[in-house]
Each structure stands twice: as structure tokens, then as C-alpha cells.
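Source file: query_25.tsv. Holds: TSV, C-alpha atoms.
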```
chain	number	residue	atom	x	y	z
Z	38	LYS	CA	0.00	0.00	0.00
Z	39	PRO	CA	1.63	3.23	-1.10
Z	40	PRO	CA	1.47	6.22	1.30
Z	41	LEU	CA	-0.72	8.23	-1.06
Z	42	PHE	CA	-3.45	5.59	-0.90
Z	43	ILE	CA	-3.36	5.57	2.91
Z	44	ALA	CA	-3.61	9.35	3.05
Z	45	LEU	CA	-6.58	9.26	0.64
Z	46	ARG	CA	-8.43	6.76	2.80
Z	47	LYS	CA	-7.86	8.90	5.90
Z	48	ALA	CA	-9.15	11.98	4.10
Z	49	ILE	CA	-12.30	10.14	2.99
Z	50	ALA	CA	-12.90	8.91	6.57
Z	51	ALA	CA	-12.44	12.42	7.94
Z	52	ARG	CA	-14.82	13.82	5.36
Z	53	ASN	CA	-17.48	11.25	6.27
Z	54	LEU	CA	-17.04	12.01	10.00
Z	55	LEU	CA	-17.26	15.73	9.37
Z	56	SER	CA	-20.43	15.24	7.30
Z	57	GLU	CA	-21.99	13.26	10.14
Z	58	LEU	CA	-21.07	15.96	12.64
Z	59	ILE	CA	-22.45	18.69	10.39
Z	60	ASP	CA	-25.70	16.76	9.89
Z	61	GLU	CA	-25.98	16.20	13.65
Z	62	LYS	CA	-25.30	19.86	14.37
Z	63	ARG	CA	-27.80	20.91	11.70
Z	64	GLN	CA	-30.46	18.69	13.29
Z	65	GLN	CA	-29.76	20.26	16.70
Z	66	VAL	CA	-29.99	23.75	15.22
Z	67	HIS	CA	-33.22	22.75	13.47
Z	68	LEU	CA	-34.77	21.63	16.76
Z	69	GLN	CA	-33.52	24.72	18.59
Z	70	VAL	CA	-34.86	27.10	15.96
Z	71	THR	CA	-38.23	25.32	15.88
Z	72	LYS	CA	-38.54	25.50	19.65
Z	73	ALA	CA	-37.39	29.13	19.79
Z	74	LEU	CA	-39.88	30.18	17.11
Z	75	ASP	CA	-42.73	28.42	18.89
Z	76	ILE	CA	-41.90	30.25	22.11
Z	77	LEU	CA	-41.45	33.55	20.25
Z	78	GLU	CA	-44.87	33.31	18.63
Z	79	VAL	CA	-46.45	32.62	22.03
Z	80	ASP	CA	-44.66	35.60	23.65
Z	81	LEU	CA	-45.46	38.13	20.90
Z	82	ASP	CA	-48.35	39.65	22.87
Z	83	GLN	CA	-46.94	39.05	26.36
Z	84	VAL	CA	-43.30	40.18	26.40
Z	85	ALA	CA	-41.88	43.61	25.64
Z	86	TYR	CA	-41.05	43.96	21.97
Z	87	THR	CA	-37.55	45.25	22.70
Z	88	ARG	CA	-36.60	41.95	24.30
Z	89	LEU	CA	-38.27	40.01	21.50
Z	90	LEU	CA	-36.26	41.90	18.87
Z	91	LYS	CA	-33.06	40.63	20.44
Z	92	ARG	CA	-34.42	37.08	20.39
Z	93	VAL	CA	-35.31	37.46	16.69
Z	94	LYS	CA	-31.71	38.43	15.92
Z	95	LYS	CA	-30.36	35.39	17.78
Z	96	ILE	CA	-32.79	33.05	16.00
Z	97	ARG	CA	-31.89	34.53	12.60
Z	98	HIS	CA	-28.20	33.90	13.32
Z	99	LYS	CA	-28.94	30.24	14.00
Z	100	VAL	CA	-31.15	29.94	10.91
Z	101	ASN	CA	-28.22	31.04	8.75
Z	102	LEU	CA	-26.41	27.85	9.80
Z	103	LEU	CA	-29.01	25.73	7.95
Z	104	THR	CA	-29.12	24.97	4.26
Z	105	TYR	CA	-31.15	27.12	1.91
Z	106	SER	CA	-33.97	24.60	1.63
Z	107	GLU	CA	-34.18	24.20	5.43
Z	108	ARG	CA	-33.93	27.92	5.97
Z	109	ALA	CA	-36.97	29.02	3.93
Z	110	PRO	CA	-39.87	28.09	6.29
Z	111	PHE	CA	-38.06	29.53	9.31
Z	112	LEU	CA	-37.35	32.79	7.52
Z	113	SER	CA	-41.03	33.16	6.66
Z	114	ARG	CA	-42.02	32.75	10.31
Z	115	LEU	CA	-39.27	35.11	11.40
Z	116	ASP	CA	-40.43	37.78	8.96
Z	117	ASP	CA	-43.99	37.52	10.26
Z	118	ALA	CA	-42.79	37.87	13.85
Z	119	TYR	CA	-40.51	40.77	12.94
Z	120	ASN	CA	-43.31	42.61	11.12
Z	121	GLN	CA	-45.58	42.22	14.13
Z	122	LEU	CA	-42.83	43.55	16.41
Z	123	GLN	CA	-42.36	46.50	14.07
Z	124	ARG	CA	-46.05	47.34	14.44
Z	125	GLN	CA	-45.71	47.13	18.21
Z	126	GLN	CA	-42.72	49.44	17.99
Z	127	MET	CA	-44.69	52.02	16.05
Z	128	LEU	CA	-47.48	51.91	18.62
Z	129	HIS	CA	-44.89	52.24	21.40
Z	130	ILE	CA	-43.31	55.27	19.73
Z	131	ALA	CA	-46.71	56.94	19.41
Z	132	ALA	CA	-47.42	56.31	23.12
Z	133	VAL	CA	-43.97	57.34	24.36
Z	134	GLU	CA	-43.56	60.50	22.28
Z	135	PRO	CA	-45.59	62.79	24.66
Z	136	LYS	CA	-43.80	61.31	27.67
Z	137	LEU	CA	-40.41	62.05	26.14
Z	138	ILE	CA	-41.44	65.66	25.46
Z	139	THR	CA	-42.64	66.03	29.06
Z	140	LEU	CA	-39.38	64.51	30.32
Z	141	CYS	CA	-37.32	66.95	28.26
Z	142	GLU	CA	-39.33	69.85	29.66
Z	143	SER	CA	-38.79	68.50	33.17
Z	144	VAL	CA	-35.02	68.26	32.66
Z	145	GLU	CA	-34.89	71.82	31.32
Z	146	ALA	CA	-36.93	73.07	34.30
Z	147	LYS	CA	-34.59	71.29	36.71
Z	148	ALA	CA	-31.55	72.80	35.00
Z	149	HIS	CA	-33.05	76.29	35.36
Z	150	GLU	CA	-33.98	75.66	39.01
Z	151	TYR	CA	-30.51	74.39	39.94
Z	152	ALA	CA	-28.89	77.35	38.19
Z	153	GLN	CA	-31.02	79.83	40.18
Z	154	ASN	CA	-31.04	78.13	43.61
Z	155	ASP	CA	-27.68	77.60	45.30
Z	156	ALA	CA	-29.24	76.09	48.42
Z	157	ILE	CA	-30.05	72.75	46.77
Z	158	ALA	CA	-27.82	70.00	48.17
Z	159	LEU	CA	-25.31	68.19	45.97
Z	160	HIS	CA	-26.73	64.74	46.62
Z	161	THR	CA	-30.19	66.02	45.63
Z	162	ILE	CA	-28.89	67.20	42.24
Z	163	GLN	CA	-27.07	63.91	41.72
Z	164	GLN	CA	-30.11	61.82	42.64
Z	165	GLN	CA	-32.43	63.87	40.44
Z	166	LEU	CA	-30.07	63.64	37.45
Z	167	HIS	CA	-29.73	59.87	37.88
Z	168	HIS	CA	-33.52	59.51	38.21
Z	169	LEU	CA	-34.14	61.52	35.02
Z	170	GLN	CA	-31.55	59.49	33.12
Z	171	GLN	CA	-33.19	56.26	34.28
Z	172	GLN	CA	-36.57	57.54	33.11
Z	173	TRP	CA	-35.11	58.37	29.71
Z	174	LYS	CA	-33.52	54.93	29.47
Z	175	GLU	CA	-36.82	53.21	30.24
Z	176	LEU	CA	-38.87	55.31	27.84
Z	177	SER	CA	-36.42	55.25	24.93
Z	178	GLN	CA	-35.86	51.48	24.81
Z	179	GLY	CA	-36.22	50.19	21.27
Z	180	LEU	CA	-36.20	53.65	19.68
Z	181	LEU	CA	-33.47	53.57	17.02
Z	182	HIS	CA	-33.87	57.16	15.86
Z	183	ASN	CA	-34.91	59.38	18.78
Z	184	THR	CA	-35.37	62.99	17.74
Z	185	HIS	CA	-35.58	64.23	21.37
Z	186	TRP	CA	-32.22	62.88	22.45
Z	187	ALA	CA	-30.31	66.06	21.55
Z	188	ARG	CA	-32.68	68.20	23.62
Z	189	PHE	CA	-32.45	65.86	26.60
Z	190	LYS	CA	-28.67	65.65	26.32
Z	191	VAL	CA	-28.18	69.44	26.34
Z	192	ALA	CA	-30.35	69.90	29.44
Z	193	SER	CA	-28.78	66.98	31.31
Z	194	GLU	CA	-25.30	68.28	30.49
Z	195	GLN	CA	-26.28	71.65	31.94
Z	196	ILE	CA	-27.33	69.92	35.17
Z	197	TYR	CA	-24.09	67.94	35.23
Z	198	THR	CA	-22.05	71.13	34.72
Z	199	ILE	CA	-23.88	72.77	37.64
Z	200	TYR	CA	-23.21	69.66	39.71
Z	201	GLN	CA	-19.49	69.77	38.94
Z	202	GLN	CA	-19.26	73.47	39.82
Z	203	ARG	CA	-21.12	72.96	43.10
Z	204	LYS	CA	-18.91	69.98	43.84
Z	205	CYS	CA	-15.77	72.13	43.50
Z	206	GLN	CA	-17.27	74.76	45.77
Z	207	ASP	CA	-18.34	72.07	48.22
Z	208	SER	CA	-14.83	70.64	48.35
Z	209	VAL	CA	-13.52	74.07	49.40
Z	210	VAL	CA	-16.20	74.36	52.11
Z	211	ARG	CA	-15.44	70.84	53.33
Z	212	SER	CA	-11.75	71.65	53.56
Z	213	ASP	CA	-12.49	74.74	55.67
Z	214	ASN	CA	-14.85	72.75	57.89
Z	215	ASP	CA	-12.20	70.07	58.38
Z	216	GLN	CA	-9.90	72.78	59.72
Z	217	LYS	CA	-12.66	74.08	62.01
Z	218	ARG	CA	-13.32	70.59	63.35
Z	219	ALA	CA	-9.62	70.11	64.11
Z	220	GLU	CA	-9.49	73.48	65.88
Z	221	LEU	CA	-12.59	72.65	67.91
Z	222	VAL	CA	-11.07	69.35	69.05
Z	223	ALA	CA	-7.85	71.15	70.04
Z	224	GLU	CA	-9.86	73.78	71.95
Z	225	LEU	CA	-11.80	71.11	73.83
Z	226	GLU	CA	-8.57	69.29	74.70
Z	227	GLN	CA	-7.16	72.55	76.10
Z	228	VAL	CA	-10.30	73.16	78.18
Z	229	ILE	CA	-10.23	69.66	79.65
Z	230	ALA	CA	-6.52	70.00	80.40
Z	231	GLY	CA	-7.33	73.10	82.49
Z	232	TRP	CA	-9.58	71.07	84.79
Z	233	VAL	CA	-6.52	69.86	86.69
Z	234	SER	CA	-6.24	73.24	88.44
Z	235	ASP	CA	-9.85	74.43	88.22
Z	236	SER	CA	-12.55	71.76	88.12
Z	237	PRO	CA	-15.98	73.08	86.94
Z	238	ASN	CA	-19.23	72.44	88.77
Z	239	TYR	CA	-22.11	70.46	87.31
Z	240	SER	CA	-23.90	73.42	85.68
Z	241	SER	CA	-20.73	74.78	84.09
Z	242	CYS	CA	-19.73	71.34	82.88
Z	243	LEU	CA	-23.17	70.72	81.39
Z	244	ALA	CA	-23.19	74.12	79.66
Z	245	LEU	CA	-19.70	73.40	78.30
Z	246	LYS	CA	-20.80	70.03	76.95
Z	247	ASN	CA	-23.91	71.46	75.26
Z	248	ASP	CA	-21.93	74.36	73.76
Z	249	PHE	CA	-19.25	72.14	72.20
Z	250	HIS	CA	-21.81	69.60	71.03
Z	251	THR	CA	-23.85	72.32	69.31
Z	252	ARG	CA	-20.77	73.83	67.67
Z	253	TRP	CA	-19.60	70.39	66.52
Z	254	LYS	CA	-22.96	69.55	64.95
Z	255	ALA	CA	-23.07	72.93	63.19
Z	256	ILE	CA	-19.87	72.22	61.21
Z	257	ARG	CA	-21.36	70.67	58.09
Z	258	PRO	CA	-20.40	69.39	55.57
Z	259	TYR	CA	-16.96	67.84	56.04
Z	260	SER	CA	-14.75	65.47	54.07
Z	261	ALA	CA	-14.37	61.75	54.68
Z	262	GLN	CA	-10.73	62.27	55.66
Z	263	SER	CA	-11.76	64.14	58.81
Z	264	LYS	CA	-14.03	61.37	60.10
Z	265	SER	CA	-11.16	60.24	62.31
Z	266	LEU	CA	-11.81	63.40	64.35
Z	267	ASP	CA	-15.20	61.96	65.32
Z	268	ASN	CA	-13.51	59.36	67.51
Z	269	GLU	CA	-11.31	62.00	69.16
Z	270	PHE	CA	-14.28	64.25	69.82
Z	271	ARG	CA	-16.28	61.30	71.15
Z	272	ASP	CA	-13.48	60.41	73.58
Z	273	LEU	CA	-13.30	64.01	74.83
Z	274	MET	CA	-17.07	64.14	75.31
Z	275	GLN	CA	-16.82	60.89	77.26
Z	276	ARG	CA	-14.35	62.58	79.60
Z	277	ILE	CA	-16.82	65.44	80.04
Z	278	ASN	CA	-19.55	62.92	80.84
Z	279	GLU	CA	-17.32	61.35	83.48
Z	280	GLN	CA	-16.69	64.79	84.99
Z	281	LEU	CA	-20.44	65.45	84.92
Z	282	LYS	CA	-21.05	62.22	86.77
Z	283	GLN	CA	-18.52	63.11	89.47
Z	284	GLU	CA	-19.91	66.62	89.88
Z	285	LEU	CA	-23.44	65.25	90.01
Z	286	GLN	CA	-22.50	62.86	92.82
Z	287	ARG	CA	-20.79	65.72	94.68
Z	288	ALA	CA	-23.82	68.00	94.24
Z	289	ILE	CA	-26.18	65.30	95.46
Z	290	ALA	CA	-23.97	64.71	98.51
Z	291	ILE	CA	-23.89	68.45	99.36
Z	292	LYS	CA	-27.65	68.86	99.08
Z	293	GLN	CA	-28.32	65.65	100.94
Z	294	THR	CA	-26.15	67.03	103.76
Z	295	ILE	CA	-28.31	70.19	103.85
Z	296	ILE	CA	-31.47	68.06	103.99
Z	297	ASP	CA	-30.01	66.03	106.85
Z	298	SER	CA	-29.18	69.27	108.72
Z	299	VAL	CA	-32.78	70.52	108.35
Z	300	GLN	CA	-34.07	67.17	109.57
Z	301	SER	CA	-31.73	67.40	112.57
Z	302	LEU	CA	-33.13	70.86	113.36
Z	303	ALA	CA	-36.65	69.46	113.21
Z	304	ALA	CA	-35.63	66.79	115.71
Z	305	GLU	CA	-34.42	69.38	118.30
Z	306	GLU	CA	-37.26	69.91	120.78
Z	307	THR	CA	-35.83	72.94	122.64
Z	308	ILE	CA	-35.02	75.12	119.63
Z	309	SER	CA	-36.83	78.45	119.42
Z	310	TYR	CA	-38.60	79.79	116.38
Z	311	TYR	CA	-36.05	82.58	116.03
Z	312	ASP	CA	-33.09	80.17	116.04
Z	313	ALA	CA	-34.88	77.74	113.74
Z	314	HIS	CA	-35.68	80.51	111.27
Z	315	ASN	CA	-32.10	81.88	111.24
Z	316	ARG	CA	-30.49	78.47	110.83
Z	317	TRP	CA	-32.98	77.56	108.11
Z	318	ARG	CA	-32.18	80.79	106.28
Z	319	LEU	CA	-28.43	80.01	106.34
Z	320	LEU	CA	-29.01	76.47	105.10
Z	321	PHE	CA	-31.29	77.71	102.33
Z	322	ILE	CA	-28.66	80.24	101.18
Z	323	LYS	CA	-26.15	77.39	101.08
Z	324	TRP	CA	-28.64	75.38	99.00
Z	325	LYS	CA	-29.16	78.21	96.50
Z	326	ASN	CA	-25.42	78.84	96.12
Z	327	GLY	CA	-24.60	75.16	95.91
Z	328	PRO	CA	-24.17	73.08	92.72
Z	329	HIS	CA	-27.06	71.87	90.63
Z	330	ALA	CA	-27.99	68.22	91.07
Z	331	GLY	CA	-29.20	67.60	87.52
Z	332	ARG	CA	-32.16	65.26	87.17
Z	333	ASP	CA	-32.20	64.64	90.95
Z	334	GLU	CA	-32.64	68.35	91.72
Z	335	GLN	CA	-36.44	68.22	91.83
Z	336	LYS	CA	-36.49	65.13	94.03
Z	337	LEU	CA	-34.00	66.66	96.46
Z	338	TRP	CA	-35.93	69.93	96.49
Z	339	GLN	CA	-39.11	68.10	97.48
Z	340	ALA	CA	-37.21	66.34	100.26
Z	341	LEU	CA	-35.93	69.73	101.50
Z	342	GLN	CA	-39.45	71.18	101.51
Z	343	THR	CA	-40.70	68.17	103.46
Z	344	ALA	CA	-37.96	68.65	106.06
Z	345	LYS	CA	-38.81	72.38	106.23
Z	346	ARG	CA	-42.48	71.65	106.89
Z	347	ARG	CA	-41.51	69.26	109.66
Z	348	LEU	CA	-39.23	71.93	111.14
Z	349	PHE	CA	-41.82	74.72	111.27
Z	350	GLU	CA	-45.03	72.77	111.82
Z	351	ARG	CA	-44.45	72.89	115.62
Z	352	PHE	CA	-44.44	76.70	115.49
Z	353	GLU	CA	-47.56	77.06	113.37
Z	354	LYS	CA	-49.98	76.71	116.30
Z	355	THR	CA	-48.05	79.26	118.40
Z	356	GLN	CA	-47.85	81.69	115.50
Z	357	THR	CA	-51.58	81.33	114.89
Z	358	MET	CA	-52.32	82.16	118.51
Z	359	GLN	CA	-49.94	85.13	118.41
Z	360	ARG	CA	-51.60	86.47	115.28
Z	361	LYS	CA	-55.02	86.17	116.89
Z	362	ALA	CA	-53.78	87.92	120.03
Z	363	ALA	CA	-52.19	90.71	117.95
Z	364	THR	CA	-55.46	91.16	116.10
Z	365	ALA	CA	-57.33	91.33	119.41
Z	366	ASP	CA	-54.87	93.98	120.63
Z	367	ILE	CA	-55.55	96.12	117.59
Z	368	ASP	CA	-59.31	95.73	118.03
Z	369	ASN	CA	-59.04	96.84	121.68
Z	370	VAL	CA	-56.96	99.88	120.68
Z	371	LYS	CA	-59.46	100.86	118.01
Z	372	GLN	CA	-62.29	100.57	120.54
Z	373	LEU	CA	-60.39	102.70	123.07
Z	374	LEU	CA	-59.63	105.33	120.40
Z	375	SER	CA	-63.27	105.45	119.41
Z	376	GLU	CA	-64.30	105.82	123.04
Z	377	LEU	CA	-61.63	108.46	123.66
Z	378	GLN	CA	-62.73	110.54	120.68
Z	379	SER	CA	-66.36	110.43	121.85
Z	380	LEU	CA	-65.54	111.86	125.29
Z	381	ALA	CA	-66.09	115.49	126.13
Z	382	ALA	CA	-63.13	117.78	126.44
Z	383	ASP	CA	-63.65	118.26	130.22
Z	384	ASP	CA	-64.14	114.53	130.97
Z	385	GLU	CA	-60.78	113.96	132.61
Z	386	GLN	CA	-61.85	110.78	134.41
Z	387	GLY	CA	-62.87	109.10	131.15
Z	388	GLN	CA	-59.61	110.16	129.51
Z	389	ALA	CA	-57.58	108.75	132.42
Z	390	ARG	CA	-59.54	105.52	132.29
Z	391	CYS	CA	-58.82	105.13	128.54
Z	392	ARG	CA	-55.09	105.80	129.12
Z	393	ARG	CA	-54.92	103.16	131.88
Z	394	ALA	CA	-56.69	100.65	129.64
Z	395	PHE	CA	-54.25	101.42	126.83
Z	396	ASP	CA	-51.22	100.98	129.10
Z	397	GLN	CA	-52.57	97.63	130.37
Z	398	ILE	CA	-52.61	96.09	126.87
Z	399	GLU	CA	-50.02	93.26	126.50
Z	400	TRP	CA	-48.76	93.76	123.00
Z	401	HIS	CA	-47.98	90.67	120.91
Z	402	ASN	CA	-46.66	92.66	117.94
Z	403	GLN	CA	-44.09	95.37	118.68
Z	404	LYS	CA	-44.47	97.08	115.33
Z	405	ALA	CA	-48.21	97.40	115.87
Z	406	ARG	CA	-47.54	98.69	119.39
Z	407	SER	CA	-45.32	101.54	118.08
Z	408	TYR	CA	-47.86	102.51	115.42
Z	409	TRP	CA	-50.91	102.56	117.68
Z	410	HIS	CA	-49.01	104.21	120.55
Z	411	LYS	CA	-48.22	107.18	118.30
Z	412	LYS	CA	-51.79	107.36	117.11
Z	413	PHE	CA	-53.20	107.15	120.66
Z	414	SER	CA	-50.76	109.84	121.82
Z	415	THR	CA	-51.89	112.13	119.00
Z	416	VAL	CA	-55.55	111.81	119.98
Z	417	SER	CA	-54.74	112.29	123.69
Z	418	SER	CA	-52.74	115.44	122.98
Z	419	GLN	CA	-55.83	117.08	121.47
Z	420	PHE	CA	-57.60	116.96	124.87
Z	421	GLN	CA	-54.60	118.51	126.63
Z	422	LYS	CA	-54.77	121.54	124.33
```

Any chance you could put this one into C-alpha cells?
Amino acid sequence: KPPLFIALRKAIAARNLLSELIDEKRQQVHLQVTKALDILEVDLDQVAYTRLLKRVKKIRHKVNLLTYSERAPFLSRLDDAYNQLQRQQMLHIAAVEPKLITLCESVEAKAHEYAQNDAIALHTIQQQLHHLQQQWKELSQGLLHNTHWARFKVASEQIYTIYQQRKCQDSVVRSDNDQKRAELVAELEQVIAGWVSDSPNYSSCLALKNDFHTRWKAIRPYSAQSKSLDNEFRDLMQRINEQLKQELQRAIAIKQTIIDSVQSLAAEETISYYDAHNRWRLLFIKWKNGPHAGRDEQKLWQALQTAKRRLFERFEKTQTMQRKAATADIDNVKQLLSELQSLAADDEQGQARCRRAFDQIEWHNQKARSYWHKKFSTVSSQFQK
């Protein structure tokens, strides 16, 4: 067997194998195209035409792998499906056209608004631009020649230009705010360092905390690089909270001591009203000048008032009796004055009797005694004239 004969036999065998593979592949493509066309015809009225157009292109590519005789029936079905999709596209264009015009007008209005109003936030402009672009993408699907694209593009580019300009300005503001945040942290560190020699009371510490917290929150916006300052500021505020807690405990202890002192006064049975009043006044001045007890202030104040009532309730009965006696003294004086004024000028016995009655009054209020003594003396002097 010469080598040429062997090579010829191998070539014939390879050709036969290749023909079998091509026939097998053609049969697979035939089945795939048949199945795809059946599904496509079912989905013509159910699936968006833009998706179906892509499927038509894929099916047509597979049909081109078949022979001309096998290709003819598939091409006829593909043309029918494509013509139906073209009709759907025309209907879609007619329905979408007003929406595209409205969208273009909306983009132009947004561009004008952003150009006039500098107070609109950057993220708002970015979100609105992205939302408008998404709307355009959804409405313009399947439109090969969109006459409104140029109008939409010009307006959206105007918005993007405004966004870029605001972004540059915002970066400058953020840089300045980063510097302010760093300075505020340094200032707070310096204040806390000064507590070693001069520790603030609860009210001062609370006012300091609120002031720095308000100033810190007011520094907006800032860059992401300065977020590390948040941890430093948080640690410093934690130190202030610890100082607040210590001062609160100290204030509560001071005011509890005052309450205990008032309760001790109430327990003394031999104390006079004058001493009780003076010592209460000194304790109350100490309370007013003392530190604030925060959320416990109201509770401690109620406890102090309870101790005060217990201290002075023993004197209430005596004071009531003294007030009644002082009132009776004044009534007696008024009666004597009325009687004295009704006497005749030569009735010396009646005048002497009124003077003796006036001198016998046991006054329970010294201020009232001075007042009525002057008045009685004035009336008596008229008879002497």
C-alpha cells in the first residue's frame, strides 16, 4: 500500500465524519430554531417587543447555519414575527412621544432651578439627574432614531455642569470645615486639660458640653478624611460625661447634707422659732449657692421642703395664737380710740380711764404697738390743748 493511498483513505474517513457531525449539528440547530420560534410566537403579545427583537436576531443567526432549503420556512415565520414587532414598535413610539417631550421639559426646568437656587444639596442634584436618566432609558428602549435625544442631552449636560461646579465649591467648604473641626477638638482638649487646676461644677460642665456639642454639629459638611476626628471628639465628650457624673454625685452629697441638717433641726425639741428661722435661712442660702444636682434636683428639692415643713409645723400653732392675740390687741386699741374721741373735752376721768386701759394692753406685735401708741398719743394730745 503506497502512502498516497493511505492518506486518501484517511481523508475520505475524515470527510465522512465531518459530514456526520455537520448533519448532527444541523439537526440540533433545526430543533432549537423550531422550539425558539414556537416560544417567540407565544410571547409576541406578552413580552416587551424590545426583548423580543433581540431574540429574533439570535434566532436569525442560528437559521443562517441551515441549508437554503431548510432555511426558507423559518425565515417566513421570522419575517412575520418581525413585522408584528415593528407594528408594536410604532405603537410604542406613538405612546412614548408625549412622555419624552414632558421629560425633556422637566429636565430643562430642573436645570433652570438648579442654576437659580444655590441652596439645593449636591446629593439632591445627583439623585435627580440619575432619576431623570433612568426615566429616559426606560422610555427610549427600542427607539433607534430618537429625535428628542439632543434636547435631553443638552439639558442633562447643563445639570451635570452645575453639579461639577457645586462639587468644587463644596470641596472648598469641606476643607475649611475640616480645619474648624480640628481646631474645635484642640480647643476642647485645652479646656479639659485646664480642669486639673480648676474643676468646673455640674452646671458649668453641662453648659460646656452642650456648647461644644452644638458647635460640633453645626460644622457641616466635612470630608471623609476628617471622620477620624469623630472618635477623638467622642473620647473628649466621654471625659466630660465622666466629669459630669462626678460633679453630680458631689452636688447630690452636698444637698443631701443640707437636707439632713434641716431634719436634725426638726428633731431638736428645745429650739426656738427665732433660732430655727435663722439656721434655716443660712441652710437655704447654702442650697441656692450650691451646685445643681441635675435630674435629681427636683427630688432633692421636694425632700428639702418636706424637712422644712416638719421643722416649722411645731411653730404654726403658736404663731396662729400670736396672730389672733395681735389682732385682738388692735381691736381693743381701736375701741379705746373710738371711746376716747367720743368723750367730752372736760371729761378727765374718762380720759384717764382710757389711758390706763391702753397701758394695760399686752402687746404681741411690737411694730403694731409703736404705730398705735403714736396714734393714741396724737388723739390724747388734742384733749390737753

*Coordinates-based distance that separates atom CA of Leu68 of chain Z from atom CA of Leu103 of chain Z (Å, one decimal)*: 11.3 Å

*Mind giving me the straight-line distance from atom CA of Val233 of chain Z to atom CA of Asn268 of chain Z in Å, one decimal?*
23.0 Å

*Atom-to-atom span, atom CA of Asn315 of chain Z and atom CA of Lys354 of chain Z, Å*: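 These two atoms are separated by 19.3 Å.
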
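Distances from Z:Ala288, Z:Leu90, Z:Ala340, Z:Leu169 to Ser143 of chain Z were compared using all atoms listed in the file, and the smallest one belongs to Z:Leu169.
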
*Please identify all polymer residues within 10 Å of segment 109-120 of chain Z, counting all atoms listed in the file, omitting same-chain residues fewer than 3 positions from it, and present them as a PyMOL selection string.*
chain Z and resi 67+70-71+74-75+77-78+81+86+89-90+93-94+96-97+100-101+103-106+123-126

*Between Z:His250, Z:His98, Z:Arg257, Z:Lys174, which is the closest to Asn214 of chain Z once you count only C-alpha atoms?*
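Residue with the minimum atom-to-atom distance to Asn214 of chain Z: Z:Arg257.
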
Contact check, segment 295-340 of chain Z to segment 272-281 of chain Z, at most 12 Å, counting all atoms listed in the file, closest pairs as CSV:
```
residue,atom,partner,partner_atom,distance
Z:Pro328,CA,Z:Leu281,CA,11.5
Z:His329,CA,Z:Leu281,CA,10.8
Z:Ala330,CA,Z:Leu281,CA,10.1
Z:Gly331,CA,Z:Leu281,CA,9.4
Z:Arg332,CA,Z:Leu281,CA,11.9
```
